[in-house]
Amino acid sequence: MCAFLAQRVFGMSVHNSSTDKAVARALKDVVARIDSAVKRSGRTQPVRLVAVSKTKPVEAIQEAYDAGHRDFGENYVQELLDKAPLLPADIRWHFIGHLQSNKAKPLLEGVPGLACVQTVDSSKLADRLERIAAGLSRQQKLGVMLQVNTSGEESKYGCAPAEAVGLARHIAAGCGSLQLAGLMTIGMPDYSSRPENFSCLVQCRAEVAAALGLPPEQLELSMGMSGDFEQAIEMGSTNVRVGSTIFGAREYSR
């Protein structure tokens, strides 16, 4: 574990008070809520919590790390490139924002701890990630998820549900340096989703699994954010992305 970072990052200074553990307390509460939702769902499969730290300073991430958390999510390539070198090397980073093809190389080369790109929505992006990952000495394949636009909103990125099987087949057949980890969807503008958004992703996973000859449980479902992660878990999510509930309201002064 690296030493606590006494510096200014993204316009916020380090907390000096040893009693200020708001992030750790919030994280503990979210984990307890996840555990309760899993129990209500009657499932035994664990749920990964990706703590979304976009616009948040490294000291807040370090506090969550010191509390035992390891999976963190970022939306912006440059922000992740700035943060990752300042934090422990064993953090598992998840990229959850829209990724332009021309940003893929700096992302993969600059973040050795990148575990998963959850927002692959085209064969072009998959091929770009494949070419870059193939040229790096990664110990494991790069995890990727298919981002599916389950709400049909034009403002949302993601492939159409009907395109998910084709994209999955493309990755499985031609992207040997990538590991298809699952499917992901973005919630509604108020950080919540209707049940049909979740059920749509569940159905997409079933279709992708059948096409690839896999049990559905082998593919993750990344759905659910701060406003709806408990409902998402009850509907089958295995990966929730929670930010403001852990780190507080975001500041967009960048």
# chains A, B, ... in the order shown; residues from 1 in each chain; ligands from 1

$ residues_around --residues "Val148 in chain A" --least-positions-apart "2" --cutoff "9 Å" --atoms "only C-alpha atoms" --output "ChimeraX atom specification"
/A:119-121,146,150-151,157-161,163-164,183-186,201,204

$ residues_around --residues "Val77 in chain A" --least-positions-apart "6" --cutoff "10 Å" --atoms "only C-alpha atoms" --output "list in words"
Phe95, Ile96, Gly97, His98, Leu99, Gln100, Lys103, Ala104, Pro106, Leu107, Leu108, Gly110 and Val111 of chain A

$ write_last_selection --atoms "all heavy atoms" --output "compact mmCIF listing (two decimals), in the first residue's frame"
# COMPACT_ATOMS: atom_id res chain seq x y z
N PHE A 95 -13.05 1.06 -16.56
CA PHE A 95 -13.39 2.25 -17.34
C PHE A 95 -14.86 2.14 -17.71
O PHE A 95 -15.29 1.17 -18.35
CB PHE A 95 -12.54 2.39 -18.59
CG PHE A 95 -12.74 3.72 -19.26
CD1 PHE A 95 -12.16 4.87 -18.74
CD2 PHE A 95 -13.55 3.83 -20.38
CE1 PHE A 95 -12.38 6.11 -19.33
CE2 PHE A 95 -13.77 5.07 -20.97
CZ PHE A 95 -13.18 6.21 -20.44
N ILE A 96 -15.66 3.14 -17.31
CA ILE A 96 -17.11 3.05 -17.47
C ILE A 96 -17.69 4.21 -18.27
O ILE A 96 -18.91 4.36 -18.35
CB ILE A 96 -17.82 2.95 -16.10
CG1 ILE A 96 -17.51 4.18 -15.24
CG2 ILE A 96 -17.39 1.68 -15.38
CD1 ILE A 96 -18.31 4.22 -13.95
N GLY A 97 -16.82 5.03 -18.87
CA GLY A 97 -17.30 6.13 -19.70
C GLY A 97 -17.20 5.79 -21.17
O GLY A 97 -16.66 4.76 -21.56
N HIS A 98 -17.73 6.67 -21.99
CA HIS A 98 -17.63 6.47 -23.44
C HIS A 98 -16.16 6.56 -23.85
O HIS A 98 -15.46 7.50 -23.48
CB HIS A 98 -18.44 7.52 -24.19
CG HIS A 98 -18.30 7.43 -25.67
ND1 HIS A 98 -18.69 6.32 -26.39
CD2 HIS A 98 -17.79 8.32 -26.58
CE1 HIS A 98 -18.44 6.52 -27.67
NE2 HIS A 98 -17.90 7.72 -27.81
N LEU A 99 -15.70 5.57 -24.58
CA LEU A 99 -14.29 5.51 -24.98
C LEU A 99 -14.16 5.71 -26.48
O LEU A 99 -14.63 4.89 -27.27
CB LEU A 99 -13.67 4.17 -24.57
CG LEU A 99 -12.19 3.98 -24.92
CD1 LEU A 99 -11.33 5.04 -24.24
CD2 LEU A 99 -11.73 2.58 -24.53
N GLN A 100 -13.51 6.80 -26.86
CA GLN A 100 -13.21 7.04 -28.27
C GLN A 100 -12.02 6.17 -28.67
O GLN A 100 -11.10 5.96 -27.87
CB GLN A 100 -12.89 8.51 -28.50
CG GLN A 100 -14.06 9.45 -28.21
CD GLN A 100 -13.65 10.91 -28.34
OE1 GLN A 100 -12.62 11.33 -27.82
NE2 GLN A 100 -14.46 11.68 -29.05
N LYS A 103 -8.51 7.26 -27.93
CA LYS A 103 -8.10 7.34 -26.53
C LYS A 103 -7.76 5.96 -25.96
O LYS A 103 -7.30 5.85 -24.82
CB LYS A 103 -9.22 7.97 -25.70
CG LYS A 103 -9.58 9.40 -26.07
CD LYS A 103 -8.48 10.35 -25.69
CE LYS A 103 -8.86 11.80 -25.96
NZ LYS A 103 -9.96 12.28 -25.12
N ALA A 104 -7.99 4.93 -26.75
CA ALA A 104 -7.79 3.57 -26.24
C ALA A 104 -6.33 3.28 -25.93
O ALA A 104 -6.00 2.66 -24.91
CB ALA A 104 -8.34 2.55 -27.24
N PRO A 106 -3.65 5.37 -25.13
CA PRO A 106 -3.13 5.93 -23.87
C PRO A 106 -3.77 5.31 -22.63
O PRO A 106 -3.11 5.18 -21.60
CB PRO A 106 -3.46 7.43 -23.99
CG PRO A 106 -4.46 7.54 -25.10
CD PRO A 106 -4.19 6.41 -26.02
N LEU A 107 -5.02 4.90 -22.74
CA LEU A 107 -5.68 4.29 -21.60
C LEU A 107 -5.02 2.96 -21.24
O LEU A 107 -4.65 2.72 -20.08
CB LEU A 107 -7.17 4.06 -21.90
CG LEU A 107 -7.97 3.31 -20.83
CD1 LEU A 107 -8.02 4.11 -19.53
CD2 LEU A 107 -9.39 3.01 -21.32
N LEU A 108 -4.86 2.09 -22.22
CA LEU A 108 -4.30 0.77 -21.94
C LEU A 108 -2.82 0.85 -21.57
O LEU A 108 -2.36 0.12 -20.69
CB LEU A 108 -4.49 -0.16 -23.13
CG LEU A 108 -5.76 -1.01 -23.12
CD1 LEU A 108 -7.00 -0.14 -23.18
CD2 LEU A 108 -5.76 -2.00 -24.29
N GLY A 110 -1.26 3.49 -20.27
CA GLY A 110 -1.02 4.30 -19.08
C GLY A 110 -1.60 3.76 -17.80
O GLY A 110 -1.28 4.28 -16.72
N VAL A 111 -2.45 2.74 -17.89
CA VAL A 111 -3.09 2.20 -16.69
C VAL A 111 -2.89 0.68 -16.66
O VAL A 111 -3.76 -0.08 -17.10
CB VAL A 111 -4.60 2.55 -16.64
CG1 VAL A 111 -5.21 2.12 -15.30
CG2 VAL A 111 -4.82 4.04 -16.86

$ residues_around --residues "range 218-231 of chain A" --least-positions-apart "5" --cutoff "8 Å" --atoms "only C-alpha atoms" --output "MDAnalysis selection string"
chainID A and resid 33:34 37 180:187 190:193 198 201:202 205 209 236:245

$ write_last_selection --atoms "C-alpha atoms" --output "CSV table (one decimal), in the first residue's frame"
chain,number,residue,atom,x,y,z
A,33,ARG,CA,-27.1,-2.7,1.5
A,34,ILE,CA,-25.7,-4.9,-1.3
A,37,ALA,CA,-30.2,-7.1,-1.5
A,180,LEU,CA,-15.8,-11.0,-22.8
A,181,ALA,CA,-16.8,-10.4,-19.1
A,182,GLY,CA,-20.4,-9.5,-19.5
A,183,LEU,CA,-22.9,-6.9,-20.5
A,184,MET,CA,-23.5,-3.4,-19.1
A,185,THR,CA,-26.3,-0.8,-19.3
A,186,ILE,CA,-26.5,2.9,-18.2
A,187,GLY,CA,-29.5,4.0,-16.1
A,190,ASP,CA,-31.8,10.6,-12.7
A,191,TYR,CA,-29.5,7.6,-12.1
A,192,SER,CA,-32.3,5.2,-11.9
A,193,SER,CA,-33.7,2.7,-14.4
A,198,PHE,CA,-32.8,-4.3,-16.4
A,201,LEU,CA,-30.2,-6.6,-20.3
A,202,VAL,CA,-31.0,-10.0,-18.6
A,205,ARG,CA,-27.3,-11.9,-21.7
A,209,ALA,CA,-24.8,-16.8,-23.7
A,236,GLY,CA,-29.9,-10.2,-11.4
A,237,SER,CA,-27.0,-7.6,-11.4
A,238,THR,CA,-23.6,-9.0,-10.5
A,239,ASN,CA,-21.8,-5.6,-10.8
A,240,VAL,CA,-23.1,-2.3,-9.5
A,241,ARG,CA,-21.5,1.1,-10.1
A,242,VAL,CA,-22.0,3.4,-7.1
A,243,GLY,CA,-20.5,6.9,-6.9
A,244,SER,CA,-22.2,9.7,-5.2
A,245,THR,CA,-23.6,7.5,-2.4

$ select_by_dssp --residues "range 142-232 of chain A" --states "strand (DSSP E)" --output "list of chain:residue names"
A:Leu142, A:Gly143, A:Val144, A:Met145, A:Leu146, A:Gln147, A:Leu178, A:Gln179, A:Leu180, A:Ala181, A:Gly182, A:Leu183, A:Met184, A:Glu220, A:Leu221, A:Ser222
